[in-house]
Amino acid sequence: MNFWKNFSPIARFLIAFCIVLGAFYAFYYSGFYTTYIMPRILNVQAMLANNLLKLMGHETFFANDSIASDKFRVSIKSGCDGIEATAVFVTAVLAMPLVSWREKWPGLLTGVLVLSILNILRIAGLYLAGLYWPSLFEILHLHGGVVIFLMFSIVLWLIWVNRILKRRQTN
Amino acid sequence: MVDLGKPYFKTQTNQLKMRNEIIRFLILFGFCYAFCILLFQNAAVYKSLNAKLRVAITALDKSFFSKAEISSQDVYDDQNKKDHNRMYIVFGNPKTIKIEMENARRQGLNEVRISTYSAQFYFFQMIYAPLAFLLSLFVGTKMPWKKMMKGLAYSILIFTLYMGIKVLLYTYFSISNERIGLYELSGWKEQFVSFIVSAMSIGFSMVLCFCLWLIFGLRHSSFYQFLQSIFSQISK
C-alpha cells in the first residue's frame with residue numbers, strides 16, 4: 001500500500017486507468033460476457049431505440065439485437081454498443097485518486113445514465129441515417145459511434161472532475 | 001508556463017484559460033480528425049497507401065508463415081468494382097496445391113481448382129481510423145513541437161507493432177481455422193488466439209491510441225498541469 005502511495009497522484013491515476021481498462025477488456029471479450037451478458041444488453045438497447053423510433057412515428061419492430069422496418073434494418077453488434085466508451089468514463093472515475101467512493105458513485109450513475117441515453121439516441125439516429133441518408137451511414141457509424149462517443153465520455157469525465165473541484169471549493 | 005507549485009485553478013482567469021484550452025483541443029482535434037479522414041478517403045492517397053500496405057502485410061505473413069503458400073488478392077464489391085480499401089490474404093498448403101496441379105496436368109485439364117482459403121483485411125477501420133485518431137489527439141494537444149514529434153513517433157511505433165501482431169494473429173487464426181494441415185491450433189491455444197483476435201477490435205485500437213496519448217503526450221502538455229492542479233486541490 002505504501003509502495004502505491006509513493007507514486008504521484010497522476011502516476012497512480014494513469015496506472016490504475018490502464019489496469020482497470022485492461023481488466024474491462026478481459027471481461028468484455030470473455031465467453032461469459034459474450035454469451036450471457038452482451039445479448040441482453042444489445043436486446044435492451046434495440047428495444048429502447050425501437051420505442052424511441054415508434055414515438056417518432058416510425059413503423060419499426062425489434063428482435064434480439066436488430067431494429068427493422070420494411071425499408072431498413074440495423075443490427076447492434078459488439079463494439080457498436082457504446083459499452084467501450086462508457087467503460088472509459090467509468091474507468092477514469094474509478095481510477096481517480098484522492099476522491100472518496102461517496103463522491104464517485106453519484107458521478108458514475110449520472111455519467112452512465114447520460115451515456116446510455118445518448119447511445120440510444122445514436123442507435124435511433126443511425127437507423128434514420130440508414131433510411132434517409134444511406135451514403136452517410138458508414139461514416140456516422142464508425143466516426144460517430146466510436147470516436148465522437150469516446151470523446152464525449154472524456155468530456156463527461158472532465159465535467160465530473162470540475163463538479164468535484166467546485167464542491168471542494170465551496171466546502 | 002504555469003508555476004507547478006501554485007494551484008492552477010486558484011483564480012477564475014486560470015479556470016477560464018483551462019476551459020479555453022479544452023475547447024481549443026476539441027476544435028483542433030475535430031479539424032485534424034476530419035482532415036485525416038478526408039485525406040484517407042481521397043482515391044490518389046488511399047490507392048498509393050493501400051498498395052504499400054498490401055505489400056507489407058503479405059511480406060509479413062510470408063515471413064512468419066513460410067510453410068504455407070501465401071499471396072494477396074483484390075476484393076471486388078457487389079457491382080464487380082475493385083474495392084481498394086480491402087484485400088484478401090490467400091493461403092493454402094503447398095503440398096496439397098502441388099498434388100492438385102499434378103492431377104490436373106495428368107488429366108489434361110485447362111483449368112484447375114486449387115484448395116486455397118482467404119482472410120480479409122479492411123484498411124480503413126483497421127489502420128486509418130485509429131491512426132487519424134492518434135494523430136488528432138497529439139495535434140490537438142498544446143505542447144512543445146519537439147516533444148509532440150517524439151511522443152508521436154513512439155506512439156506510431158507501438159501502434160505499428162500492435163498492427164503487425166494483429167495481422168499475424170488474425171492470419172494465424174484464419175489458417176488454423178481452415179485446417180489445411182499447417183499451423184493448426186487446438187484446445188486452449190485456439191481459444192486464446194481467438195480471444196485476442198476478437199479483442200483487437202476498432203474500439204480497442206482507439207482506446208489503445210488514447211492510452212498511448214496518455215503515456216507519451218499528456219505529460220508534456222498543459223493538461224498535465226491541469227491534472228496536477230486538480231489533484232493538488234482535491235487533496236486539500
# chains A, B, ... in the order shown; residues from 1 in each chain; ligands from 1
>>> closest_atom_pairs(of="chain A", to="chain B", cutoff="8 Å", atoms="only C-alpha atoms", output="JSON lines")
{"residue": "A:Pro9", "atom": "CA", "partner": "B:Phe231", "partner_atom": "CA", "distance": 6.6}
{"residue": "A:Ile10", "atom": "CA", "partner": "B:Gln228", "partner_atom": "CA", "distance": 6.9}
{"residue": "A:Leu14", "atom": "CA", "partner": "B:Leu214", "partner_atom": "CA", "distance": 7.5}
{"residue": "A:Cys18", "atom": "CA", "partner": "B:Cys211", "partner_atom": "CA", "distance": 7.3}
{"residue": "A:Tyr25", "atom": "CA", "partner": "B:Ala199", "partner_atom": "CA", "distance": 7.3}
{"residue": "A:Tyr29", "atom": "CA", "partner": "B:Ala199", "partner_atom": "CA", "distance": 6.0}
{"residue": "A:Ser30", "atom": "CA", "partner": "B:Phe195", "partner_atom": "CA", "distance": 7.4}
{"residue": "A:Gly79", "atom": "CA", "partner": "B:Gly203", "partner_atom": "CA", "distance": 6.0}
{"residue": "A:Glu84", "atom": "CA", "partner": "B:Gly203", "partner_atom": "CA", "distance": 6.7}
{"residue": "A:Pro97", "atom": "CA", "partner": "B:Phe231", "partner_atom": "CA", "distance": 8.0}
{"residue": "A:Leu98", "atom": "CA", "partner": "B:Ser235", "partner_atom": "CA", "distance": 5.9}
{"residue": "A:Val99", "atom": "CA", "partner": "B:Ile234", "partner_atom": "CA", "distance": 7.2}
{"residue": "A:Val146", "atom": "CA", "partner": "B:Gly203", "partner_atom": "CA", "distance": 6.4}
{"residue": "A:Val147", "atom": "CA", "partner": "B:Phe133", "partner_atom": "CA", "distance": 7.5}
{"residue": "A:Val161", "atom": "CA", "partner": "B:Ile230", "partner_atom": "CA", "distance": 7.9}
{"residue": "A:Ile164", "atom": "CA", "partner": "B:Ile234", "partner_atom": "CA", "distance": 7.8}
{"residue": "A:Leu165", "atom": "CA", "partner": "B:Ile234", "partner_atom": "CA", "distance": 6.6}
{"residue": "A:Arg168", "atom": "CA", "partner": "B:Ile234", "partner_atom": "CA", "distance": 6.9}
>>> select_by_dssp(residues="chain A", states="strand (DSSP E)", output="ChimeraX atom specification")
/A:61-63,66-68,73-75
>>> residues_around(residues="Leu185 in chain B", least_positions_apart="2", cutoff="12 Å", atoms="only C-alpha atoms", output="PyMOL selection string")
chain B and resi 169+172-183+187-194
>>> select_by_dssp(residues="range 46-152 of chain A", states="helix (DSSP H, G or I)", output="PyMOL selection string")
chain A and resi 46-55+83-94+101-132+134-152
>>> write_last_selection(atoms="C-alpha atoms", output="short mmCIF file (atom, residue, chain, number, x, y, z; two decimals), in the first residue's frame")
data_model
loop_
_atom_site.label_atom_id
_atom_site.label_comp_id
_atom_site.auth_asym_id
_atom_site.auth_seq_id
_atom_site.Cartn_x
_atom_site.Cartn_y
_atom_site.Cartn_z
CA ALA A 46 -32.60 -2.42 -29.53
CA MET A 47 -35.87 -2.33 -27.57
CA LEU A 48 -35.30 1.22 -26.26
CA ALA A 49 -34.16 2.59 -29.63
CA ASN A 50 -37.15 0.90 -31.27
CA ASN A 51 -39.52 2.53 -28.73
CA LEU A 52 -37.96 5.91 -29.45
CA LEU A 53 -38.40 5.42 -33.20
CA LYS A 54 -42.03 4.38 -32.64
CA LEU A 55 -42.56 7.55 -30.62
CA ILE A 83 -20.01 -0.01 -23.91
CA GLU A 84 -16.31 0.68 -24.56
CA ALA A 85 -16.75 4.46 -24.39
CA THR A 86 -18.84 4.06 -21.23
CA ALA A 87 -16.07 1.86 -19.80
CA VAL A 88 -13.52 4.63 -20.47
CA PHE A 89 -15.68 7.04 -18.42
CA VAL A 90 -16.27 4.53 -15.61
CA THR A 91 -12.56 3.63 -15.54
CA ALA A 92 -11.48 7.29 -15.42
CA VAL A 93 -13.83 7.92 -12.47
CA LEU A 94 -12.81 4.74 -10.64
CA TRP A 101 -16.43 6.41 -3.04
CA ARG A 102 -19.19 8.61 -1.63
CA GLU A 103 -18.25 11.25 -4.22
CA LYS A 104 -17.66 8.77 -7.01
CA TRP A 105 -20.89 6.79 -7.15
CA PRO A 106 -23.30 9.68 -7.96
CA GLY A 107 -20.93 10.72 -10.78
CA LEU A 108 -20.76 7.14 -12.02
CA LEU A 109 -24.54 6.72 -12.01
CA THR A 110 -25.19 10.06 -13.72
CA GLY A 111 -22.43 9.55 -16.32
CA VAL A 112 -23.52 6.02 -17.21
CA LEU A 113 -27.15 7.18 -17.46
CA VAL A 114 -26.24 10.13 -19.73
CA LEU A 115 -24.04 7.94 -21.96
CA SER A 116 -26.75 5.25 -22.14
CA ILE A 117 -29.38 7.79 -23.19
CA LEU A 118 -27.01 9.25 -25.79
CA ASN A 119 -26.29 5.76 -27.05
CA ILE A 120 -29.99 5.06 -27.58
CA LEU A 121 -30.28 8.38 -29.46
CA ARG A 122 -27.21 7.38 -31.51
CA ILE A 123 -28.70 3.99 -32.45
CA ALA A 124 -32.05 5.55 -33.40
CA GLY A 125 -30.11 8.23 -35.33
CA LEU A 126 -28.19 5.55 -37.21
CA TYR A 127 -31.42 3.86 -38.21
CA LEU A 128 -32.70 7.20 -39.53
CA ALA A 129 -29.40 7.87 -41.33
CA GLY A 130 -29.61 4.45 -42.99
CA LEU A 131 -33.18 5.18 -44.01
CA TYR A 132 -32.79 8.75 -45.31
CA PRO A 134 -27.62 5.78 -46.76
CA SER A 135 -24.34 7.23 -48.06
CA LEU A 136 -23.68 8.78 -44.63
CA PHE A 137 -24.46 5.64 -42.67
CA GLU A 138 -20.96 4.12 -42.63
CA ILE A 139 -19.28 7.42 -41.76
CA LEU A 140 -21.71 8.12 -38.91
CA HIS A 141 -21.47 4.53 -37.72
CA LEU A 142 -17.70 4.48 -37.48
CA HIS A 143 -16.83 8.04 -36.53
CA GLY A 144 -19.98 8.89 -34.58
CA GLY A 145 -20.17 5.55 -32.86
CA VAL A 146 -16.58 5.14 -31.84
CA VAL A 147 -14.62 8.40 -31.98
CA ILE A 148 -17.22 11.03 -31.06
CA PHE A 149 -18.71 8.81 -28.37
CA LEU A 150 -15.25 8.21 -26.89
CA MET A 151 -14.51 11.95 -26.91
CA PHE A 152 -17.87 12.56 -25.28
#
>>> atom_distance(atom1="CA of Ser78 in chain A", atom2="CA of Met38 in chain A")
7.6 Å
>>> atom_distance(atom1="CA of Tyr117 in chain B", atom2="CA of Val90 in chain B")
5.6 Å
>>> decode(residues="range 103-153 of chain B", atoms="N, CA and C atoms", output="compact mmCIF listing (two decimals), in the first residue's frame")
# COMPACT_ATOMS: atom_id res chain seq x y z
N ASN B 103 -2.35 -33.53 -60.63
CA ASN B 103 -3.55 -34.28 -61.04
C ASN B 103 -4.20 -33.64 -62.27
N ALA B 104 -4.27 -32.32 -62.23
CA ALA B 104 -4.90 -31.58 -63.35
C ALA B 104 -4.08 -31.75 -64.62
N ARG B 105 -2.74 -31.72 -64.46
CA ARG B 105 -1.85 -31.87 -65.63
C ARG B 105 -2.00 -33.28 -66.22
N ARG B 106 -2.08 -34.28 -65.33
CA ARG B 106 -2.23 -35.66 -65.78
C ARG B 106 -3.54 -35.85 -66.55
N GLN B 107 -4.59 -35.17 -66.04
CA GLN B 107 -5.90 -35.31 -66.69
C GLN B 107 -6.05 -34.37 -67.89
N GLY B 108 -5.05 -33.56 -68.14
CA GLY B 108 -5.05 -32.63 -69.28
C GLY B 108 -6.07 -31.52 -69.17
N LEU B 109 -6.35 -31.08 -67.92
CA LEU B 109 -7.34 -30.02 -67.72
C LEU B 109 -6.73 -28.65 -68.00
N ASN B 110 -7.52 -27.76 -68.60
CA ASN B 110 -7.04 -26.39 -68.85
C ASN B 110 -7.14 -25.54 -67.59
N GLU B 111 -8.16 -25.82 -66.80
CA GLU B 111 -8.38 -25.06 -65.56
C GLU B 111 -8.28 -25.99 -64.38
N VAL B 112 -7.74 -25.44 -63.29
CA VAL B 112 -7.64 -26.28 -62.09
C VAL B 112 -8.16 -25.52 -60.88
N ARG B 113 -8.90 -26.25 -60.04
CA ARG B 113 -9.41 -25.65 -58.79
C ARG B 113 -8.47 -26.05 -57.67
N ILE B 114 -7.76 -25.08 -57.13
CA ILE B 114 -6.84 -25.43 -56.04
C ILE B 114 -7.43 -25.02 -54.69
N SER B 115 -7.06 -25.77 -53.68
CA SER B 115 -7.64 -25.53 -52.34
C SER B 115 -6.92 -24.38 -51.64
N THR B 116 -7.46 -23.20 -51.82
CA THR B 116 -6.92 -22.04 -51.09
C THR B 116 -8.05 -21.38 -50.30
N TYR B 117 -7.66 -20.69 -49.27
CA TYR B 117 -8.63 -20.03 -48.38
C TYR B 117 -8.18 -18.59 -48.19
N SER B 118 -9.07 -17.77 -47.63
CA SER B 118 -8.68 -16.36 -47.52
C SER B 118 -9.09 -15.71 -46.20
N ALA B 119 -8.35 -14.64 -45.89
CA ALA B 119 -8.69 -13.80 -44.74
C ALA B 119 -8.77 -12.38 -45.28
N GLN B 120 -9.82 -11.64 -44.87
CA GLN B 120 -10.00 -10.30 -45.43
C GLN B 120 -9.48 -9.21 -44.48
N PHE B 121 -8.80 -8.23 -45.04
CA PHE B 121 -8.31 -7.10 -44.25
C PHE B 121 -8.97 -5.83 -44.77
N TYR B 122 -9.47 -5.02 -43.81
CA TYR B 122 -10.14 -3.76 -44.16
C TYR B 122 -9.27 -2.62 -43.64
N PHE B 123 -8.56 -1.97 -44.59
CA PHE B 123 -7.55 -0.98 -44.20
C PHE B 123 -8.11 0.19 -43.38
N PHE B 124 -9.26 0.71 -43.79
CA PHE B 124 -9.75 1.94 -43.17
C PHE B 124 -10.04 1.76 -41.68
N GLN B 125 -10.82 0.74 -41.35
CA GLN B 125 -11.18 0.51 -39.95
C GLN B 125 -9.98 0.02 -39.14
N MET B 126 -9.16 -0.77 -39.80
CA MET B 126 -8.07 -1.41 -39.09
C MET B 126 -6.92 -0.44 -38.80
N ILE B 127 -6.57 0.38 -39.79
CA ILE B 127 -5.38 1.21 -39.66
C ILE B 127 -5.69 2.72 -39.69
N TYR B 128 -6.39 3.17 -40.72
CA TYR B 128 -6.51 4.62 -40.93
C TYR B 128 -7.31 5.35 -39.83
N ALA B 129 -8.45 4.78 -39.45
CA ALA B 129 -9.29 5.46 -38.44
C ALA B 129 -8.55 5.59 -37.10
N PRO B 130 -7.94 4.50 -36.56
CA PRO B 130 -7.20 4.68 -35.30
C PRO B 130 -6.00 5.61 -35.44
N LEU B 131 -5.33 5.54 -36.61
CA LEU B 131 -4.16 6.39 -36.83
C LEU B 131 -4.57 7.87 -36.88
N ALA B 132 -5.69 8.15 -37.53
CA ALA B 132 -6.21 9.53 -37.59
C ALA B 132 -6.56 10.01 -36.19
N PHE B 133 -7.12 9.11 -35.38
CA PHE B 133 -7.48 9.43 -34.00
C PHE B 133 -6.23 9.78 -33.18
N LEU B 134 -5.20 8.94 -33.33
CA LEU B 134 -3.94 9.16 -32.60
C LEU B 134 -3.29 10.49 -33.01
N LEU B 135 -3.20 10.72 -34.31
CA LEU B 135 -2.61 11.96 -34.83
C LEU B 135 -3.35 13.18 -34.31
N SER B 136 -4.70 13.10 -34.34
CA SER B 136 -5.52 14.24 -33.94
C SER B 136 -5.39 14.53 -32.45
N LEU B 137 -5.25 13.47 -31.64
CA LEU B 137 -5.07 13.69 -30.20
C LEU B 137 -3.79 14.48 -29.94
N PHE B 138 -2.71 14.12 -30.65
CA PHE B 138 -1.42 14.81 -30.46
C PHE B 138 -1.48 16.24 -31.01
N VAL B 139 -2.05 16.37 -32.22
CA VAL B 139 -2.10 17.70 -32.85
C VAL B 139 -2.96 18.65 -32.01
N GLY B 140 -4.05 18.14 -31.44
CA GLY B 140 -4.95 18.97 -30.65
C GLY B 140 -4.35 19.42 -29.32
N THR B 141 -3.35 18.69 -28.84
CA THR B 141 -2.79 18.97 -27.52
C THR B 141 -1.69 20.02 -27.59
N LYS B 142 -1.80 21.00 -26.71
CA LYS B 142 -0.81 22.07 -26.69
C LYS B 142 0.45 21.56 -25.98
N MET B 143 1.54 21.45 -26.72
CA MET B 143 2.82 21.02 -26.12
C MET B 143 3.95 21.42 -27.07
N PRO B 144 5.20 21.47 -26.59
CA PRO B 144 6.30 21.85 -27.48
C PRO B 144 6.40 20.90 -28.68
N TRP B 145 6.75 21.46 -29.84
CA TRP B 145 6.78 20.69 -31.09
C TRP B 145 7.66 19.45 -31.01
N LYS B 146 8.87 19.66 -30.42
CA LYS B 146 9.82 18.54 -30.36
C LYS B 146 9.25 17.39 -29.55
N LYS B 147 8.63 17.74 -28.41
CA LYS B 147 8.04 16.70 -27.54
C LYS B 147 6.88 16.02 -28.26
N MET B 148 6.13 16.81 -29.03
CA MET B 148 5.00 16.25 -29.75
C MET B 148 5.49 15.22 -30.77
N MET B 149 6.54 15.62 -31.52
CA MET B 149 7.07 14.73 -32.56
C MET B 149 7.62 13.44 -31.94
N LYS B 150 8.34 13.62 -30.81
CA LYS B 150 8.93 12.45 -30.15
C LYS B 150 7.83 11.51 -29.63
N GLY B 151 6.84 12.11 -28.96
CA GLY B 151 5.74 11.32 -28.42
C GLY B 151 4.96 10.62 -29.52
N LEU B 152 4.75 11.35 -30.61
CA LEU B 152 4.01 10.81 -31.74
C LEU B 152 4.80 9.66 -32.40
N ALA B 153 6.13 9.85 -32.49
CA ALA B 153 6.97 8.81 -33.10
C ALA B 153 6.92 7.52 -32.27
